[in-house]
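To be precise, the following lines are my_file-v2.txt, and they hold compact mmCIF, C-alpha atoms.
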# COMPACT_ATOMS: atom_id res chain seq x y z
CA MET A 319 54.58 9.23 -34.74
CA ILE A 320 51.24 7.85 -33.47
CA GLN A 321 49.05 6.17 -35.96
CA LYS A 322 45.34 6.13 -35.57
CA PHE A 323 43.65 2.87 -36.38
CA ASN A 324 40.14 2.76 -37.68
CA VAL A 325 38.78 -0.70 -37.04
CA SER A 326 35.52 -1.50 -38.75
CA TRP A 327 33.51 -4.51 -39.72
CA THR A 328 31.11 -4.67 -42.58
CA VAL A 329 27.84 -6.28 -41.57
CA ASN A 330 26.10 -5.86 -44.86
CA HIS A 331 26.13 -3.50 -47.77
CA TYR A 332 24.53 -0.63 -45.80
CA ASN A 333 25.90 -0.96 -42.24
CA THR A 334 29.42 -0.79 -40.98
CA ILE A 335 30.12 -1.28 -37.28
CA THR A 336 33.11 0.57 -35.92
CA LEU A 337 34.94 -0.12 -32.68
CA LYS A 338 33.57 3.17 -31.30
CA LYS A 339 29.99 1.97 -31.86
CA VAL A 340 30.76 -1.34 -30.13
CA VAL A 341 32.12 0.50 -27.06
CA GLU A 342 29.02 2.76 -26.94
CA ILE A 343 26.71 -0.27 -27.11
CA MET A 344 28.62 -1.95 -24.26
CA LYS A 345 28.33 1.20 -22.11
CA GLN A 346 24.58 1.34 -22.69
CA LYS A 347 24.19 -2.30 -21.63
CA GLY A 348 26.04 -1.54 -18.39
CA GLN A 349 23.86 1.49 -17.78
CA GLY A 350 20.73 -0.63 -18.19
CA MET A 351 22.03 -3.15 -15.64
CA VAL A 352 22.66 -0.39 -13.10
CA GLU A 353 19.21 1.12 -13.64
CA PHE A 354 17.63 -2.32 -13.27
CA ALA A 355 19.55 -2.88 -10.03
CA PHE A 356 18.10 0.38 -8.67
CA ILE A 357 14.53 -0.44 -9.70
CA LEU A 358 14.47 -4.14 -8.74
CA PRO A 359 13.94 -3.66 -4.96
CA LEU A 360 11.01 -1.33 -5.60
CA LEU A 361 9.44 -3.78 -8.05
CA MET A 362 9.90 -6.66 -5.61
CA PHE A 363 8.35 -4.63 -2.77
CA LEU A 364 5.34 -3.72 -4.91
CA THR A 365 4.87 -7.27 -6.16
CA LEU A 366 5.06 -8.83 -2.70
CA SER A 367 2.79 -6.13 -1.28
CA ILE A 368 0.15 -6.88 -3.91
CA ILE A 369 0.37 -10.60 -3.16
CA TYR A 370 0.10 -10.03 0.60
CA MET A 371 -2.81 -7.61 0.23
CA GLY A 372 -4.59 -10.24 -1.88
CA ALA A 373 -4.07 -12.82 0.86
CA MET A 374 -5.36 -10.36 3.47
CA PHE A 375 -8.44 -9.66 1.37
CA MET A 376 -9.03 -13.38 1.05
CA ASP A 377 -8.81 -13.70 4.85
CA TYR A 378 -11.31 -10.88 5.27
CA ILE A 379 -13.72 -12.63 2.90
CA GLN A 380 -13.29 -15.89 4.84
CA TYR A 381 -14.09 -14.12 8.12
CA ASN A 382 -17.16 -12.55 6.50
CA ASN A 383 -18.30 -15.98 5.37
CA ALA A 384 -17.61 -17.37 8.86
CA ALA A 385 -19.83 -14.73 10.47
CA ARG A 386 -22.61 -15.40 7.95
CA ASP A 387 -22.34 -19.18 8.37
CA ALA A 388 -22.40 -18.93 12.16
CA ALA A 389 -25.45 -16.66 12.07
CA ARG A 390 -27.18 -19.03 9.66
CA ASP A 391 -26.34 -22.10 11.78
CA ILE A 392 -27.74 -20.47 14.89
CA SER A 393 -30.84 -19.01 13.23
CA LEU A 394 -31.82 -22.33 11.62
CA LYS A 395 -31.63 -24.34 14.87
CA GLN A 396 -35.21 -25.26 15.78
CA ALA A 397 -34.57 -26.40 19.33
CA VAL A 398 -33.93 -23.59 21.79
CA ASP A 399 -31.52 -25.76 23.79
CA SER A 400 -29.29 -26.50 20.78
CA ARG A 401 -29.31 -22.84 19.77
CA THR A 402 -28.37 -21.78 23.30
CA THR A 403 -25.62 -24.42 23.46
CA VAL A 404 -24.03 -23.19 20.24
CA ILE A 405 -24.18 -19.57 21.37
CA GLN A 406 -22.70 -20.36 24.76
CA SER A 407 -19.84 -22.30 23.19
CA ILE A 408 -19.08 -19.41 20.81
CA ASN A 409 -19.25 -16.76 23.52
CA ALA A 410 -17.17 -18.85 25.94
CA ASP A 411 -14.39 -19.48 23.45
CA GLY A 412 -14.89 -16.94 20.67
CA SER A 413 -11.20 -16.76 19.82
CA THR A 414 -10.91 -20.37 18.60
CA VAL A 415 -14.44 -21.45 17.59
CA TRP A 416 -14.17 -19.51 14.30
CA LYS A 417 -11.78 -22.23 13.05
CA LYS A 418 -14.88 -24.32 12.38
CA TYR A 419 -15.91 -21.73 9.79
CA ALA A 420 -12.69 -20.24 8.35
CA GLU A 421 -8.99 -20.97 7.84
CA PRO A 422 -7.07 -17.73 7.30
CA ILE A 423 -3.89 -17.51 5.22
CA THR A 424 -2.16 -14.65 6.99
CA GLY A 425 -1.62 -14.20 10.70
CA LEU A 426 -1.99 -10.45 10.57
CA TYR A 427 -5.30 -10.36 12.45
CA THR A 428 -6.61 -12.42 15.37
CA PRO A 429 -10.38 -12.93 15.32
CA SER A 430 -12.76 -13.07 18.27
CA MET A 431 -16.39 -14.06 17.81
CA HIS A 432 -19.40 -13.04 19.90
CA VAL A 433 -23.12 -13.84 19.46
CA ASP A 434 -26.13 -11.92 20.82
CA PHE A 435 -29.89 -12.24 20.58
CA VAL A 436 -31.37 -8.96 19.40
CA ASP A 437 -34.81 -7.53 18.73
CA GLY A 438 -35.87 -5.98 15.42
CA SER A 439 -34.03 -2.71 16.13
CA GLY A 440 -30.76 -4.40 17.13
CA ASN A 441 -31.02 -4.08 20.92
CA PRO A 442 -29.80 -7.09 22.96
CA VAL A 443 -32.67 -9.13 24.47
CA THR A 444 -33.24 -12.54 26.00
CA GLU A 445 -33.76 -15.55 23.78
CA ASP A 446 -37.53 -15.76 24.26
CA LEU A 447 -37.97 -12.16 22.97
CA ALA A 448 -35.35 -12.40 20.23
CA GLN A 449 -36.24 -11.91 16.59
CA ASP A 450 -32.69 -11.95 15.24
CA VAL A 451 -29.31 -13.37 16.03
CA LYS A 452 -26.30 -11.08 15.64
CA VAL A 453 -22.82 -12.51 15.11
CA THR A 454 -19.90 -10.13 15.60
CA ILE A 455 -16.34 -11.00 14.62
CA THR A 456 -13.73 -8.48 15.67
CA LEU A 457 -10.39 -8.78 13.93
CA THR A 458 -7.53 -7.33 15.97
CA ARG A 459 -4.15 -6.73 14.37
CA THR A 460 -1.52 -8.83 16.09
CA VAL A 461 1.51 -8.09 13.96
CA THR A 462 3.33 -4.91 14.93
CA PHE A 463 5.54 -3.11 12.49
CA SER A 464 8.65 -1.08 13.09
CA ASP A 465 8.27 2.69 13.25
CA PHE A 466 9.56 3.03 9.70
CA PHE A 467 6.97 0.69 8.19
CA GLN A 468 4.16 1.90 10.47
CA ASN A 469 4.06 5.16 8.50
CA PHE A 470 3.41 3.30 5.24
CA MET A 471 0.89 0.72 6.47
CA VAL A 472 -2.79 1.24 5.84
CA PHE A 473 -3.95 -1.72 7.89
CA PRO A 474 -6.44 -0.69 10.61
CA ASP A 475 -5.93 -1.93 14.18
CA GLN A 476 -9.41 -3.49 14.34
CA LEU A 477 -11.93 -4.63 11.74
CA PRO A 478 -15.47 -5.38 12.93
CA ILE A 479 -17.64 -7.79 10.95
CA VAL A 480 -21.30 -7.97 11.96
CA TYR A 481 -24.03 -10.23 10.57
CA LYS A 482 -27.62 -10.15 11.72
CA MET A 483 -30.05 -12.88 10.66
CA LYS A 484 -33.71 -13.64 11.46
CA ILE A 485 -34.34 -16.56 13.74
CA GLU A 486 -36.46 -19.25 12.07
CA LYS A 487 -39.23 -20.39 14.39
Could you rewrite the structure in this file as structure tokens?
Amino acid sequence: MIQKFNVSWTVNHYNTITLKKVVEIMKQKGQGMVEFAFILPLLMFLTLSIIYMGAMFMDYIQYNNAARDAARDISLKQAVDSRTTVIQSINADGSTVWKKYAEPITGLYTPSMHVDFVDGSGNPVTEDLAQDVKVTITLTRTVTFSDFFQNFMVFPDQLPIVYKMKIEK
């Protein structure tokens, strides 16, 4: 003859915990751990993506500031020779001169800087006819992603940043 045991503990006057309730609680805790293990990679991916997108946005803002600062530096130069020297140095080595103006966090994009003298409508002219200076920074994506991740990425291949500023005479 098999006897059935009913094990129970009295917690207080109103509640009694049985062994069956304890087993159910333990099963639910295990289920929660499994669900968490399924969700954790997605949460980590989203969190790291948000952090990286923030760093990319900060880089973009730094490059915007670099273009504005370069345009301001050139437009405020009073001597034509010093203005021409700065422009020639930027145009000759536009891929490294931006380091004077910005220090990016990510290496996702490689910048190149170019400076032109333009008239009031934005057409390139010589320095003696110039009314404005136009600084163009082109950001080119250098990091390539695998085919799987390429479908999910929203990063453009190139980002142009253009600043135009009046030349102070």
query: So what do you get for CA of Val404 (chain A) versus CA of Ile392 (chain A), distance-wise?
result: 7.1 Å
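Computed from the coordinates, the CA of Lys484 (chain A) to CA of Met431 (chain A) distance equals 18.5 Å.
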Coordinates-based distance that separates CA of Leu477 (chain A) from CA of Phe435 (chain A) (Å, one decimal):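 So the answer is 21.4 Å.
Closest approach to Lys417 (chain A) from the set A:Asp387, A:Asp475, A:Glu486, A:Asp434 is made by A:Asp387, with distances taken over all atoms listed in the file.
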Do you have, as a Markdown table, the list of residues of region 335-378 of chain A lying at most 7 Å from region 418-424 of chain A, each with its nearest atom pair and that distance in Å to one decimal, counting all atoms listed in the file and ordered by chain then number?
| residue | atom | partner | partner_atom | distance |
| --- | --- | --- | --- | --- |
| A:Ala373 | CA | A:Ile423 | CA | 6.4 |
| A:Met374 | CA | A:Thr424 | CA | 6.4 |
| A:Asp377 | CA | A:Pro422 | CA | 5.0 |
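Proximity of A:Val480, A:Val436, A:Ile368, A:Met351 to Leu457 (chain A), computed with all atoms listed in the file, is greatest for A:Val480.
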task: Would you kindly identify which residues have an atom no farther than 12 Å from (-16.8, -15.4, 18.9), using all atoms listed in the file and the file's own coordinates, and write them out as JSON, numbers by chain?
output: {"A": [381, 384, 385, 388, 389, 404, 405, 406, 407, 408, 409, 410, 411, 412, 413, 414, 415, 416, 417, 418, 419, 428, 429, 430, 431, 432, 433, 434, 452, 453, 454, 455, 456, 457, 478, 479, 480]}
field: Point (-37.3, -18.5, 22.6), cut-off 12 Å, counting all atoms listed in the file, residues as a list in words
entry: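 Residues satisfying the cut-off, written out: Ser393, Lys395, Gln396, Ala397, Val398, Asp399, Ser400, Arg401, Thr402, Phe435, Val436, Asp437, Val443, Thr444, Glu445, Asp446, Leu447, Ala448, Gln449, Asp450, Val451, Ile485, Glu486 and Lys487 of chain A.
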Each region 369-446 of chain A residue no farther than 12 Å from region 355-363 of chain A, nearest pair in Å, all atoms listed in the file, as a tab-separated table:
residue	atom	partner	partner_atom	distance
A:Ile369	CA	A:Phe363	CA	10.0
A:Tyr370	CA	A:Phe363	CA	10.4
A:Met371	CA	A:Phe363	CA	11.9
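The nearest approach to Pro442 (chain A) among the residues A:Glu342, A:Leu364, A:Lys482, A:Leu426, with all atoms listed in the file taken into account, belongs to A:Lys482.
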